[in-house]
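Have a look at run19.pdb below; it lists PDB, C-alpha atoms.
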```
ATOM      1  CA  MET A 215      45.187-192.357-112.212
ATOM      2  CA  ALA A 216      47.812-191.152-114.681
ATOM      3  CA  ALA A 217      51.284-192.260-113.681
ATOM      4  CA  ARG A 218      54.681-191.254-114.987
ATOM      5  CA  LYS A 219      55.632-193.636-117.785
ATOM      6  CA  THR A 220      59.252-194.308-118.745
ATOM      7  CA  THR A 221      58.794-197.222-121.139
ATOM      8  CA  LYS A 222      57.265-196.954-124.599
ATOM      9  CA  LYS A 223      54.097-199.004-125.064
ATOM     10  CA  PRO A 224      54.350-201.882-127.561
ATOM     11  CA  ASN A 225      52.399-202.354-130.752
ATOM     12  CA  VAL A 226      50.217-205.412-130.315
ATOM     13  CA  SER A 227      47.988-207.340-132.671
ATOM     14  CA  ALA A 228      44.204-207.330-132.519
ATOM     15  CA  GLU A 229      44.413-210.947-131.366
ATOM     16  CA  GLU A 230      46.697-210.061-128.453
ATOM     17  CA  LEU A 231      44.501-207.130-127.460
ATOM     18  CA  THR A 232      41.424-209.365-127.495
ATOM     19  CA  THR A 233      43.264-211.904-125.341
ATOM     20  CA  TYR A 234      44.101-209.242-122.731
ATOM     21  CA  TYR A 235      40.488-208.063-122.762
ATOM     22  CA  ARG A 236      39.241-211.612-122.233
ATOM     23  CA  GLU A 237      41.726-212.327-119.418
ATOM     24  CA  MET A 238      40.944-209.100-117.547
ATOM     25  CA  LEU A 239      37.221-209.666-117.964
ATOM     26  CA  LEU A 240      37.550-213.200-116.570
ATOM     27  CA  ILE A 241      39.200-211.817-113.432
ATOM     28  CA  ARG A 242      36.557-209.078-113.090
ATOM     29  CA  ARG A 243      33.581-211.453-113.486
ATOM     30  CA  PHE A 244      35.181-214.099-111.271
ATOM     31  CA  GLU A 245      35.738-211.606-108.473
ATOM     32  CA  GLU A 246      32.200-210.250-108.787
ATOM     33  CA  LYS A 247      30.894-213.814-108.414
ATOM     34  CA  ALA A 248      33.195-214.445-105.452
ATOM     35  CA  GLY A 249      31.759-211.338-103.807
ATOM     36  CA  GLN A 250      28.255-212.737-104.329
ATOM     37  CA  LEU A 251      29.168-216.130-102.852
ATOM     38  CA  TYR A 252      30.757-214.422 -99.857
ATOM     39  CA  GLY A 253      27.548-212.468 -99.296
ATOM     40  CA  MET A 254      25.615-215.751 -99.421
ATOM     41  CA  GLY A 255      27.820-217.218 -96.702
ATOM     42  CA  LEU A 256      29.435-219.777 -99.010
ATOM     43  CA  ILE A 257      32.945-218.323 -98.594
ATOM     44  CA  GLY A 258      34.264-218.185 -95.044
ATOM     45  CA  GLY A 259      37.187-216.337 -93.519
ATOM     46  CA  PHE A 260      38.851-213.516 -95.438
ATOM     47  CA  CYS A 261      38.285-212.613 -99.070
ATOM     48  CA  HIS A 262      40.252-209.849-100.808
ATOM     49  CA  LEU A 263      39.019-208.942-104.286
ATOM     50  CA  TYR A 264      41.173-207.764-107.206
ATOM     51  CA  ILE A 265      38.538-205.661-108.989
ATOM     52  CA  GLY A 266      40.193-202.640-110.642
ATOM     53  CA  GLN A 267      43.712-204.067-110.653
ATOM     54  CA  GLU A 268      43.295-206.560-113.510
ATOM     55  CA  ALA A 269      45.719-204.891-115.930
ATOM     56  CA  VAL A 270      48.661-205.391-113.560
ATOM     57  CA  VAL A 271      48.820-209.163-113.545
ATOM     58  CA  VAL A 272      47.530-209.632-117.124
ATOM     59  CA  GLY A 273      50.190-207.242-118.440
ATOM     60  CA  LEU A 274      52.999-208.909-116.523
ATOM     61  CA  GLU A 275      51.921-212.431-117.462
ATOM     62  CA  ALA A 276      52.138-211.273-121.081
ATOM     63  CA  ALA A 277      55.825-210.539-120.438
ATOM     64  CA  ALA A 278      56.546-213.907-118.790
ATOM     65  CA  LYS A 279      57.713-217.125-120.410
ATOM     66  CA  GLU A 280      57.150-220.781-119.520
ATOM     67  CA  GLY A 281      58.941-221.666-116.292
ATOM     68  CA  ASP A 282      58.870-218.175-114.779
ATOM     69  CA  LYS A 283      57.532-218.108-111.241
ATOM     70  CA  ARG A 284      55.097-215.881-109.395
ATOM     71  CA  ILE A 285      54.319-215.310-105.716
ATOM     72  CA  THR A 286      51.987-212.773-104.133
ATOM     73  CA  SER A 287      49.959-211.755-101.098
ATOM     74  CA  TYR A 288      46.397-212.565-100.043
ATOM     75  CA  ARG A 289      44.796-210.535-102.902
ATOM     76  CA  ASP A 290      45.641-213.410-105.170
ATOM     77  CA  HIS A 291      42.672-214.728-107.201
ATOM     78  CA  GLY A 292      43.563-212.556-110.209
ATOM     79  CA  HIS A 293      47.139-213.836-110.274
ATOM     80  CA  MET A 294      45.920-217.421-110.236
ATOM     81  CA  LEU A 295      43.544-216.933-113.140
ATOM     82  CA  ALA A 296      46.082-214.933-115.164
ATOM     83  CA  CYS A 297      48.684-217.715-114.993
ATOM     84  CA  GLY A 298      46.138-220.266-116.160
ATOM     85  CA  MET A 299      44.926-221.953-112.985
ATOM     86  CA  ASP A 300      41.500-223.584-113.286
ATOM     87  CA  PRO A 301      38.640-221.210-112.302
ATOM     88  CA  GLY A 302      36.663-224.126-110.854
ATOM     89  CA  GLY A 303      39.577-225.174-108.664
ATOM     90  CA  VAL A 304      40.095-221.591-107.479
ATOM     91  CA  MET A 305      36.406-221.083-106.656
ATOM     92  CA  ALA A 306      36.149-224.457-104.914
ATOM     93  CA  GLU A 307      39.118-223.485-102.760
ATOM     94  CA  LEU A 308      37.400-220.209-101.842
ATOM     95  CA  THR A 309      34.380-222.178-100.662
ATOM     96  CA  GLY A 310      36.521-224.677 -98.767
ATOM     97  CA  ARG A 311      35.686-227.713-100.918
ATOM     98  CA  GLU A 312      37.590-230.862-101.773
ATOM     99  CA  GLY A 313      37.847-229.848-105.439
ATOM    100  CA  GLY A 314      39.832-226.751-104.494
ATOM    101  CA  LEU A 315      43.459-226.312-105.505
ATOM    102  CA  SER A 316      44.565-226.814-101.893
ATOM    103  CA  LYS A 317      41.877-229.449-101.231
ATOM    104  CA  GLY A 318      39.680-226.841 -99.541
ATOM    105  CA  LYS A 319      42.116-226.303 -96.673
ATOM    106  CA  GLY A 320      43.716-223.025 -97.745
ATOM    107  CA  GLY A 321      40.776-220.821 -98.686
ATOM    108  CA  SER A 322      41.162-217.432-100.340
ATOM    109  CA  MET A 323      44.605-216.701 -98.954
ATOM    110  CA  HIS A 324      46.570-219.899 -99.488
ATOM    111  CA  MET A 325      46.505-221.552-102.894
ATOM    112  CA  PHE A 326      49.365-223.037-104.868
ATOM    113  CA  SER A 327      50.019-224.651-108.238
ATOM    114  CA  LYS A 328      53.296-226.405-108.936
ATOM    115  CA  GLU A 329      52.167-226.942-112.530
ATOM    116  CA  LYS A 330      51.661-223.199-113.141
ATOM    117  CA  HIS A 331      54.671-222.152-111.015
ATOM    118  CA  PHE A 332      52.368-220.226-108.674
ATOM    119  CA  TYR A 333      53.897-220.250-105.203
ATOM    120  CA  GLY A 334      50.975-218.911-103.297
ATOM    121  CA  GLY A 335      49.118-216.025-101.949
ATOM    122  CA  HIS A 336      50.423-215.371 -98.441
ATOM    123  CA  GLY A 337      48.485-214.026 -95.484
ATOM    124  CA  ILE A 338      51.375-212.452 -93.561
ATOM    125  CA  VAL A 339      52.040-208.958 -94.917
ATOM    126  CA  GLY A 340      55.346-208.872 -96.786
ATOM    127  CA  ALA A 341      56.228-212.516 -96.025
ATOM    128  CA  GLN A 342      56.172-213.484 -99.691
ATOM    129  CA  VAL A 343      58.946-211.025-100.612
ATOM    130  CA  PRO A 344      61.891-213.009 -99.158
ATOM    131  CA  LEU A 345      60.258-216.215-100.407
ATOM    132  CA  GLY A 346      60.202-214.711-103.907
ATOM    133  CA  ALA A 347      63.916-213.927-103.657
ATOM    134  CA  GLY A 348      64.471-217.542-102.617
ATOM    135  CA  LEU A 349      62.700-218.766-105.736
ATOM    136  CA  ALA A 350      64.900-216.465-107.831
ATOM    137  CA  PHE A 351      67.983-217.764-106.009
ATOM    138  CA  ALA A 352      67.014-221.300-107.098
ATOM    139  CA  ASP A 353      66.755-220.165-110.717
ATOM    140  CA  LYS A 354      70.163-218.507-110.577
ATOM    141  CA  TYR A 355      71.692-221.582-108.946
ATOM    142  CA  LYS A 356      70.231-223.849-111.645
ATOM    143  CA  GLU A 357      71.155-221.358-114.413
ATOM    144  CA  ASN A 358      67.809-221.979-116.120
ATOM    145  CA  GLY A 359      67.100-218.374-117.182
ATOM    146  CA  GLY A 360      63.951-218.164-115.067
ATOM    147  CA  VAL A 361      62.583-214.981-113.527
ATOM    148  CA  THR A 362      60.368-214.642-110.447
ATOM    149  CA  PHE A 363      57.612-212.024-110.198
ATOM    150  CA  THR A 364      57.308-211.089-106.527
ATOM    151  CA  TYR A 365      54.153-209.054-105.896
ATOM    152  CA  PHE A 366      53.424-206.936-102.821
ATOM    153  CA  GLY A 367      51.439-203.827-102.014
ATOM    154  CA  ASP A 368      52.179-200.258-100.980
ATOM    155  CA  GLY A 369      51.376-201.212 -97.376
ATOM    156  CA  ALA A 370      53.818-204.131 -97.379
ATOM    157  CA  ALA A 371      56.466-201.805 -98.840
ATOM    158  CA  ASN A 372      56.974-200.440 -95.304
ATOM    159  CA  GLN A 373      57.912-203.861 -93.890
ATOM    160  CA  GLY A 374      61.524-204.359 -92.852
ATOM    161  CA  GLN A 375      61.859-207.776 -94.466
ATOM    162  CA  VAL A 376      61.292-206.141 -97.864
ATOM    163  CA  TYR A 377      64.531-204.161 -97.501
ATOM    164  CA  GLU A 378      66.490-207.094 -96.128
ATOM    165  CA  THR A 379      65.388-208.907 -99.285
ATOM    166  CA  PHE A 380      66.337-205.973-101.534
ATOM    167  CA  ASN A 381      69.830-206.059-100.033
ATOM    168  CA  MET A 382      70.339-209.790-100.555
ATOM    169  CA  ALA A 383      68.800-209.752-104.047
ATOM    170  CA  ALA A 384      71.166-206.928-105.057
ATOM    171  CA  ILE A 385      74.254-208.597-103.568
ATOM    172  CA  TRP A 386      73.531-211.871-105.359
ATOM    173  CA  ASP A 387      72.148-210.348-108.589
ATOM    174  CA  LEU A 388      68.976-212.407-108.290
ATOM    175  CA  PRO A 389      66.601-212.563-111.295
ATOM    176  CA  VAL A 390      63.567-211.206-109.443
ATOM    177  CA  VAL A 391      61.101-208.515-110.479
ATOM    178  CA  PHE A 392      59.709-206.827-107.377
ATOM    179  CA  VAL A 393      56.208-205.677-108.305
ATOM    180  CA  ILE A 394      54.727-203.058-105.974
ATOM    181  CA  GLU A 395      50.983-203.101-106.666
ATOM    182  CA  ASN A 396      50.345-199.596-105.394
ATOM    183  CA  ASN A 397      46.551-199.425-105.144
ATOM    184  CA  GLN A 398      46.829-196.233-103.072
ATOM    185  CA  TYR A 399      45.593-197.675 -99.755
ATOM    186  CA  ALA A 400      47.289-199.912 -97.177
ATOM    187  CA  MET A 401      44.099-201.411 -95.751
ATOM    188  CA  GLY A 402      42.424-198.107 -94.871
ATOM    189  CA  THR A 403      45.426-195.756 -94.805
ATOM    190  CA  SER A 404      46.311-193.776 -97.909
ATOM    191  CA  GLN A 405      49.865-193.988 -99.202
ATOM    192  CA  ALA A 406      50.341-190.258 -98.616
ATOM    193  CA  ARG A 407      49.751-190.779 -94.889
ATOM    194  CA  SER A 408      51.772-193.958 -94.462
ATOM    195  CA  THR A 409      54.804-193.685 -96.731
ATOM    196  CA  SER A 410      57.600-191.124 -96.412
ATOM    197  CA  THR A 411      58.579-191.265-100.088
ATOM    198  CA  LYS A 412      56.103-190.289-102.784
ATOM    199  CA  ASP A 413      57.521-192.858-105.214
ATOM    200  CA  ILE A 414      58.166-196.154-103.445
ATOM    201  CA  TYR A 415      60.349-197.683-106.173
ATOM    202  CA  LEU A 416      63.021-195.053-105.418
ATOM    203  CA  ARG A 417      63.804-196.892-102.185
ATOM    204  CA  GLY A 418      65.590-199.450-104.351
ATOM    205  CA  GLU A 419      68.270-196.863-105.169
ATOM    206  CA  ALA A 420      69.868-197.413-101.757
ATOM    207  CA  PHE A 421      70.584-200.990-102.840
ATOM    208  CA  GLY A 422      71.488-200.183-106.437
ATOM    209  CA  ILE A 423      68.259-201.670-107.768
ATOM    210  CA  PRO A 424      66.805-199.827-110.785
ATOM    211  CA  GLY A 425      63.078-199.385-111.270
ATOM    212  CA  GLU A 426      60.264-197.277-112.626
ATOM    213  CA  ILE A 427      56.657-196.222-112.191
ATOM    214  CA  VAL A 428      54.069-197.825-114.442
ATOM    215  CA  ASP A 429      50.460-196.876-115.221
ATOM    216  CA  GLY A 430      48.776-199.951-113.786
ATOM    217  CA  MET A 431      45.437-199.111-115.371
ATOM    218  CA  ASP A 432      46.933-199.613-118.863
ATOM    219  CA  VAL A 433      47.663-203.254-119.700
ATOM    220  CA  LEU A 434      49.968-202.343-122.613
ATOM    221  CA  ALA A 435      52.056-200.028-120.434
ATOM    222  CA  VAL A 436      52.383-202.819-117.867
ATOM    223  CA  LYS A 437      53.378-205.347-120.541
ATOM    224  CA  ALA A 438      56.061-203.006-121.912
ATOM    225  CA  ALA A 439      57.517-202.313-118.469
ATOM    226  CA  GLY A 440      57.369-206.016-117.655
ATOM    227  CA  GLU A 441      59.324-206.916-120.784
ATOM    228  CA  LYS A 442      61.984-204.342-119.904
ATOM    229  CA  ALA A 443      62.256-205.657-116.321
ATOM    230  CA  VAL A 444      62.392-209.292-117.430
ATOM    231  CA  ALA A 445      65.105-208.565-120.009
ATOM    232  CA  HIS A 446      67.152-206.864-117.268
ATOM    233  CA  CYS A 447      66.857-209.932-115.030
ATOM    234  CA  ARG A 448      67.547-212.494-117.765
ATOM    235  CA  ALA A 449      70.696-210.576-118.759
ATOM    236  CA  GLY A 450      72.128-211.304-115.296
ATOM    237  CA  LYS A 451      71.896-207.692-114.123
ATOM    238  CA  GLY A 452      70.048-208.532-110.918
ATOM    239  CA  PRO A 453      66.662-207.413-109.576
ATOM    240  CA  TYR A 454      64.316-204.747-110.933
ATOM    241  CA  ILE A 455      61.452-202.845-109.249
ATOM    242  CA  LEU A 456      58.156-201.955-110.910
ATOM    243  CA  GLU A 457      55.881-199.655-108.930
ATOM    244  CA  VAL A 458      52.576-200.217-110.672
ATOM    245  CA  LYS A 459      50.072-197.478-109.880
ATOM    246  CA  THR A 460      46.668-199.102-109.761
ATOM    247  CA  TYR A 461      43.405-198.833-107.811
ATOM    248  CA  ARG A 462      41.036-201.240-106.085
ATOM    249  CA  TYR A 463      37.340-200.472-106.379
ATOM    250  CA  ARG A 464      36.205-202.527-103.378
ATOM    251  CA  GLY A 465      37.289-202.375 -99.752
ATOM    252  CA  HIS A 466      40.508-203.945 -98.505
ATOM    253  CA  SER A 467      38.546-207.148 -97.882
ATOM    254  CA  MET A 468      34.863-208.089 -98.041
ATOM    255  CA  SER A 469      34.448-206.958 -94.412
ATOM    256  CA  ASP A 470      35.765-203.452 -95.155
ATOM    257  CA  PRO A 471      33.092-200.778 -95.870
ATOM    258  CA  ALA A 472      35.850-198.459 -97.227
ATOM    259  CA  LYS A 473      34.601-195.317 -95.466
ATOM    260  CA  TYR A 474      38.079-193.776 -95.651
ATOM    261  CA  ARG A 475      37.447-192.579 -99.224
ATOM    262  CA  THR A 476      34.522-191.012-101.032
ATOM    263  CA  ARG A 477      32.239-192.691-103.543
ATOM    264  CA  GLU A 478      33.086-189.838-105.900
ATOM    265  CA  GLU A 479      36.780-190.781-105.802
ATOM    266  CA  VAL A 480      36.066-194.394-106.756
ATOM    267  CA  GLN A 481      33.559-193.391-109.420
ATOM    268  CA  LYS A 482      36.014-190.953-110.984
ATOM    269  CA  VAL A 483      38.616-193.703-111.393
ATOM    270  CA  ARG A 484      36.005-196.077-112.821
ATOM    271  CA  GLU A 485      34.889-193.504-115.385
ATOM    272  CA  GLN A 486      38.311-192.209-116.399
ATOM    273  CA  SER A 487      40.783-195.070-115.948
ATOM    274  CA  ASP A 488      39.076-198.471-115.900
ATOM    275  CA  PRO A 489      41.586-200.942-117.431
ATOM    276  CA  ILE A 490      38.958-203.118-119.121
ATOM    277  CA  GLU A 491      37.029-200.199-120.599
ATOM    278  CA  HIS A 492      40.320-198.803-121.917
ATOM    279  CA  VAL A 493      40.997-201.955-123.956
ATOM    280  CA  ARG A 494      37.342-202.210-124.956
ATOM    281  CA  GLU A 495      37.553-198.718-126.482
ATOM    282  CA  MET A 496      40.768-199.618-128.314
ATOM    283  CA  LEU A 497      39.115-202.704-129.818
ATOM    284  CA  LEU A 498      36.052-200.758-130.930
ATOM    285  CA  THR A 499      37.751-197.600-132.227
ATOM    286  CA  GLY A 500      40.384-199.675-134.032
ATOM    287  CA  LYS A 501      37.588-201.743-135.597
ATOM    288  CA  HIS A 502      39.180-204.914-134.213
ATOM    289  CA  ALA A 503      35.848-205.985-132.709
ATOM    290  CA  THR A 504      32.181-205.049-132.759
ATOM    291  CA  GLU A 505      29.832-204.527-129.828
ATOM    292  CA  GLU A 506      28.348-207.943-130.642
ATOM    293  CA  ASP A 507      31.807-209.570-130.526
ATOM    294  CA  LEU A 508      32.472-208.134-127.079
ATOM    295  CA  LYS A 509      29.023-209.121-125.815
ATOM    296  CA  ALA A 510      29.732-212.678-126.960
ATOM    297  CA  ILE A 511      33.030-212.679-125.034
ATOM    298  CA  ASP A 512      31.259-211.411-121.913
ATOM    299  CA  LYS A 513      28.613-214.114-122.254
ATOM    300  CA  GLU A 514      31.280-216.792-122.630
ATOM    301  CA  ILE A 515      33.183-215.502-119.573
ATOM    302  CA  LYS A 516      30.027-215.438-117.455
ATOM    303  CA  GLU A 517      29.343-219.062-118.394
ATOM    304  CA  ILE A 518      32.864-220.065-117.307
ATOM    305  CA  VAL A 519      32.424-218.249-113.992
ATOM    306  CA  ASN A 520      28.961-219.693-113.398
ATOM    307  CA  GLN A 521      30.291-223.195-114.079
ATOM    308  CA  ALA A 522      33.117-222.554-111.598
ATOM    309  CA  ALA A 523      30.571-221.456-108.987
ATOM    310  CA  GLU A 524      28.421-224.538-109.595
ATOM    311  CA  PHE A 525      31.464-226.802-109.352
ATOM    312  CA  SER A 526      32.389-225.170-106.030
ATOM    313  CA  LYS A 527      28.882-225.722-104.649
ATOM    314  CA  GLU A 528      28.693-229.358-105.786
ATOM    315  CA  SER A 529      32.181-230.348-104.631
ATOM    316  CA  PRO A 530      32.080-232.081-101.213
ATOM    317  CA  GLU A 531      33.701-230.663 -98.097
ATOM    318  CA  PRO A 532      37.063-232.216 -97.156
ATOM    319  CA  SER A 533      36.873-235.435 -95.155
ATOM    320  CA  VAL A 534      37.943-235.524 -91.510
ATOM    321  CA  GLU A 535      40.981-237.600 -92.566
ATOM    322  CA  GLU A 536      42.305-234.570 -94.462
ATOM    323  CA  LEU A 537      43.145-232.980 -91.116
ATOM    324  CA  TRP A 538      46.189-235.285 -90.997
ATOM    325  CA  THR A 539      47.549-234.777 -94.520
ATOM    326  CA  ASP A 540      50.034-232.128 -95.737
ATOM    327  CA  ILE A 541      51.368-231.428 -92.250
ATOM    328  CA  TYR A 542      54.887-231.732 -90.857
ATOM    329  CA  ALA A 543      54.221-233.884 -87.795
TER
END
```
Please rewrite the model in this file as structure tokens.
Amino acid sequence: MAARKTTKKPNVSAEELTTYYREMLLIRRFEEKAGQLYGMGLIGGFCHLYIGQEAVVVGLEAAAKEGDKRITSYRDHGHMLACGMDPGGVMAELTGREGGLSKGKGGSMHMFSKEKHFYGGHGIVGAQVPLGAGLAFADKYKENGGVTFTYFGDGAANQGQVYETFNMAAIWDLPVVFVIENNQYAMGTSQARSTSTKDIYLRGEAFGIPGEIVDGMDVLAVKAAGEKAVAHCRAGKGPYILEVKTYRYRGHSMSDPAKYRTREEVQKVREQSDPIEHVREMLLTGKHATEEDLKAIDKEIKEIVNQAAEFSKESPEPSVEELWTDIYA
């Protein structure tokens, strides 16, 4: 999964590296548990897992500051956890319970947190891109120095509203980082078969928007590129595009058997490019942590995830009266 890198990776402390390891591992273990609960029939509707892509959102959150906003698509659990949303509240929302972050009425695809400046996963492909530009417009209007991370996939990159948004963001110099999470497959269609340009970020050139390709399996490379993009936006230079080359290990959703690719392809990426194993090796070879230290972290993370699952099972279902709240009319 090597990608062309144009930004030098930063030097980080052992503490920072351990933090990234912990955050990526939390997403991985959470998603594994969500997959189990889905298989048990406790999660209804759609469920899109983030396994394999953890370095993208952890790296970019490391480049964000308090007050920055984020908005994404339906593959959103990892983004929620990375920006600090409560794992119990996320899991309870997946299971449709009252303790969920949207009171059990949004499910996997529609969760929000005003406190964490998370403006939702969105079920309509590409719909979050103009919304993200709107959030950035608010920041520019208020002159508060905020930046919005607007995430979408390689499949959504072929939606017309994305390019309408690029045009407006460029005209108004909006402080928005467009993050293309290129996990190689738009549902079941490979990028090579669905996209006319090999490098999607180059489409920004038509609108005068700079960008680059990032190795999305390397959390430090993502952090470095994120810092560069954020600095560009905060300096008033307008939008920036990051095409983050990543890979999802599971199907598009839990109902997708992923027969459009071989097991060997997935296994090769797991063995050669896994983002968590990459940081694990750095911690061990740099003598920043021992095997026992990392086992202790894994144990702690599993306890957090298990507690979130228990909370989601014990939380009651929404009352009938909730049908009439949070609606327009």
Inset, instruction - Excluding range 433-440 of chain A and any residue of its chain fewer than 3 positions from it, enumerate the residues within 10 Å of it, using only C-alpha atoms, and give them as a VMD selection string. - result: chain A and resid 219 to 226 231 234 to 235 238 267 to 278 363 391 393 425 to 430 443 to 446 454 to 456 458 to 459 489 to 490 492 to 493
Proximity of range 306-419 of chain A to range 518-525 of chain A: per-residue shortest pair, 10 Å limit, only C-alpha atoms, as a tab-separated table:
```
residue	atom	partner	partner_atom	distance
A:Ala306	CA	A:Phe525	CA	6.9
A:Leu308	CA	A:Ala523	CA	10.0
A:Thr309	CA	A:Ala523	CA	9.2
A:Arg311	CA	A:Phe525	CA	9.5
A:Gly313	CA	A:Phe525	CA	8.1
A:Gly314	CA	A:Phe525	CA	9.7
```
Output C-alpha atoms for every residue in that selection, as a short mmCIF file (atom, residue, chain, number, x, y, z; two decimals), in the frame of the given file.
```
data_model
loop_
_atom_site.label_atom_id
_atom_site.label_comp_id
_atom_site.auth_asym_id
_atom_site.auth_seq_id
_atom_site.Cartn_x
_atom_site.Cartn_y
_atom_site.Cartn_z
CA ALA A 306 36.15 -224.46 -104.91
CA LEU A 308 37.40 -220.21 -101.84
CA THR A 309 34.38 -222.18 -100.66
CA ARG A 311 35.69 -227.71 -100.92
CA GLY A 313 37.85 -229.85 -105.44
CA GLY A 314 39.83 -226.75 -104.49
#
```
Legend entry - All residues 10 Å or closer to His466 in chain A, only C-alpha atoms, same chain fewer than 5 positions away omitted, as a PyMOL selection string: chain A and resi 261-264+289+399-402+471-472
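With all atoms listed in the file as the atoms that count, the minimum distance from Glu485 in chain A to the choices A:Tyr333, A:Ser404, A:Gly318, A:Gly266 is reached by A:Gly266.
Note that CA of Tyr461 in chain A and CA of Thr504 in chain A are 28.1 Å apart.
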Inset, instruction - Using the chain letters and residue numbers of this document, give as a PyMOL selection string the residues selected by the PyMOL selection byres ((chain A and resi 417) around 12). - result: chain A and resi 371-372+376-377+380-381+392+394+409-416+418-426+454-457
Inset, instruction - Give as a PyMOL selection string each residue that has an atom at most 12 Å from (30.1, -210.1, -107.8) in the file, counting all atoms listed in the file. - result: chain A and resi 240-254+263-265+464+468+516+519-520+523
Inset, instruction - Would you mind reading off the distance between CA of Ser469 in chain A and CA of Ser322 in chain A, one decimal, in Å? - result: 13.8 Å
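Nearest residue to Ala384 in chain A among A:Gly292, A:Gly320, A:Pro453, A:Gly335 is A:Pro453, counting all atoms listed in the file.
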Inset, instruction - Rank A:Met305, A:Ala543, A:Ala352, A:Ala370 by their smallest atom-to-atom distance to His291 in chain A, using only C-alpha atoms, and report the top residue only. - result: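 Among A:Met305, A:Ala543, A:Ala352, A:Ala370, it is A:Met305 that comes nearest to His291 in chain A.
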Inset, instruction - Considering all atoms listed in the file, state which residue in the set A:Val339, A:Cys447, A:Met325, A:Ile385 is at the smallest distance from Thr362 in chain A. - result: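 Nearest to Thr362 in chain A: A:Cys447.
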Inset, instruction - Work out how far CA of Gln342 in chain A is from CA of Gln375 in chain A, in Å to one decimal. - result: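 Between CA of Gln375 in chain A and CA of Gln342 in chain A the gap is 9.6 Å.
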Kindly extract all protein, DNA and RNA residues lying within 10 Å of the coordinates (53.6, -222.1, -113.5) given in the file, considering only C-alpha atoms, and supply them as an mmCIF file with C-alpha atoms, in the frame of the given file.
```cif
data_model
loop_
_atom_site.group_PDB
_atom_site.id
_atom_site.type_symbol
_atom_site.label_atom_id
_atom_site.label_comp_id
_atom_site.auth_asym_id
_atom_site.auth_seq_id
_atom_site.Cartn_x
_atom_site.Cartn_y
_atom_site.Cartn_z
ATOM 1 C CA LYS A 279 57.713 -217.125 -120.410
ATOM 2 C CA GLU A 280 57.150 -220.781 -119.520
ATOM 3 C CA GLY A 281 58.941 -221.666 -116.292
ATOM 4 C CA ASP A 282 58.870 -218.175 -114.779
ATOM 5 C CA LYS A 283 57.532 -218.108 -111.241
ATOM 6 C CA ARG A 284 55.097 -215.881 -109.395
ATOM 7 C CA MET A 294 45.920 -217.421 -110.236
ATOM 8 C CA CYS A 297 48.684 -217.715 -114.993
ATOM 9 C CA GLY A 298 46.138 -220.266 -116.160
ATOM 10 C CA MET A 299 44.926 -221.953 -112.985
ATOM 11 C CA PHE A 326 49.365 -223.037 -104.868
ATOM 12 C CA SER A 327 50.019 -224.651 -108.238
ATOM 13 C CA LYS A 328 53.296 -226.405 -108.936
ATOM 14 C CA GLU A 329 52.167 -226.942 -112.530
ATOM 15 C CA LYS A 330 51.661 -223.199 -113.141
ATOM 16 C CA HIS A 331 54.671 -222.152 -111.015
ATOM 17 C CA PHE A 332 52.368 -220.226 -108.674
ATOM 18 C CA TYR A 333 53.897 -220.250 -105.203
#
```
Inset, instruction - Run the PyMOL selection byres ((chain A and resi 397) around 6) on the file and write out the hits as a PyMOL selection string. - result: chain A and resi 395-396+398-399+460-462
Quick one: range 427-437 of chain A with N, CA and C atoms, as a PDB file, in the coordinates of the input?
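Writing the result to result_22.pdb gives the following:
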```
ATOM      1  N   ILE A 427      58.092-196.276-112.444  1.00  0.00           N
ATOM      2  CA  ILE A 427      56.657-196.222-112.191  1.00  0.00           C
ATOM      3  C   ILE A 427      55.927-196.614-113.472  1.00  0.00           C
ATOM      4  N   VAL A 428      54.847-197.352-113.298  1.00  0.00           N
ATOM      5  CA  VAL A 428      54.069-197.825-114.442  1.00  0.00           C
ATOM      6  C   VAL A 428      52.599-197.475-114.219  1.00  0.00           C
ATOM      7  N   ASP A 429      51.904-197.111-115.288  1.00  0.00           N
ATOM      8  CA  ASP A 429      50.460-196.876-115.221  1.00  0.00           C
ATOM      9  C   ASP A 429      49.769-198.237-115.176  1.00  0.00           C
ATOM     10  N   GLY A 430      49.366-198.639-113.988  1.00  0.00           N
ATOM     11  CA  GLY A 430      48.776-199.951-113.786  1.00  0.00           C
ATOM     12  C   GLY A 430      47.347-200.089-114.244  1.00  0.00           C
ATOM     13  N   MET A 431      46.783-199.031-114.810  1.00  0.00           N
ATOM     14  CA  MET A 431      45.437-199.111-115.371  1.00  0.00           C
ATOM     15  C   MET A 431      45.492-199.306-116.893  1.00  0.00           C
ATOM     16  N   ASP A 432      46.709-199.456-117.420  1.00  0.00           N
ATOM     17  CA  ASP A 432      46.933-199.613-118.863  1.00  0.00           C
ATOM     18  C   ASP A 432      47.709-200.910-119.086  1.00  0.00           C
ATOM     19  N   VAL A 433      47.044-201.939-119.574  1.00  0.00           N
ATOM     20  CA  VAL A 433      47.663-203.254-119.700  1.00  0.00           C
ATOM     21  C   VAL A 433      48.866-203.243-120.644  1.00  0.00           C
ATOM     22  N   LEU A 434      48.848-202.395-121.675  1.00  0.00           N
ATOM     23  CA  LEU A 434      49.968-202.343-122.613  1.00  0.00           C
ATOM     24  C   LEU A 434      51.188-201.680-121.986  1.00  0.00           C
ATOM     25  N   ALA A 435      50.949-200.676-121.143  1.00  0.00           N
ATOM     26  CA  ALA A 435      52.056-200.028-120.434  1.00  0.00           C
ATOM     27  C   ALA A 435      52.700-201.012-119.458  1.00  0.00           C
ATOM     28  N   VAL A 436      51.867-201.817-118.808  1.00  0.00           N
ATOM     29  CA  VAL A 436      52.383-202.819-117.867  1.00  0.00           C
ATOM     30  C   VAL A 436      53.187-203.877-118.615  1.00  0.00           C
ATOM     31  N   LYS A 437      52.665-204.342-119.737  1.00  0.00           N
ATOM     32  CA  LYS A 437      53.378-205.347-120.541  1.00  0.00           C
ATOM     33  C   LYS A 437      54.752-204.831-120.973  1.00  0.00           C
TER      34      LYS A 437
END
```
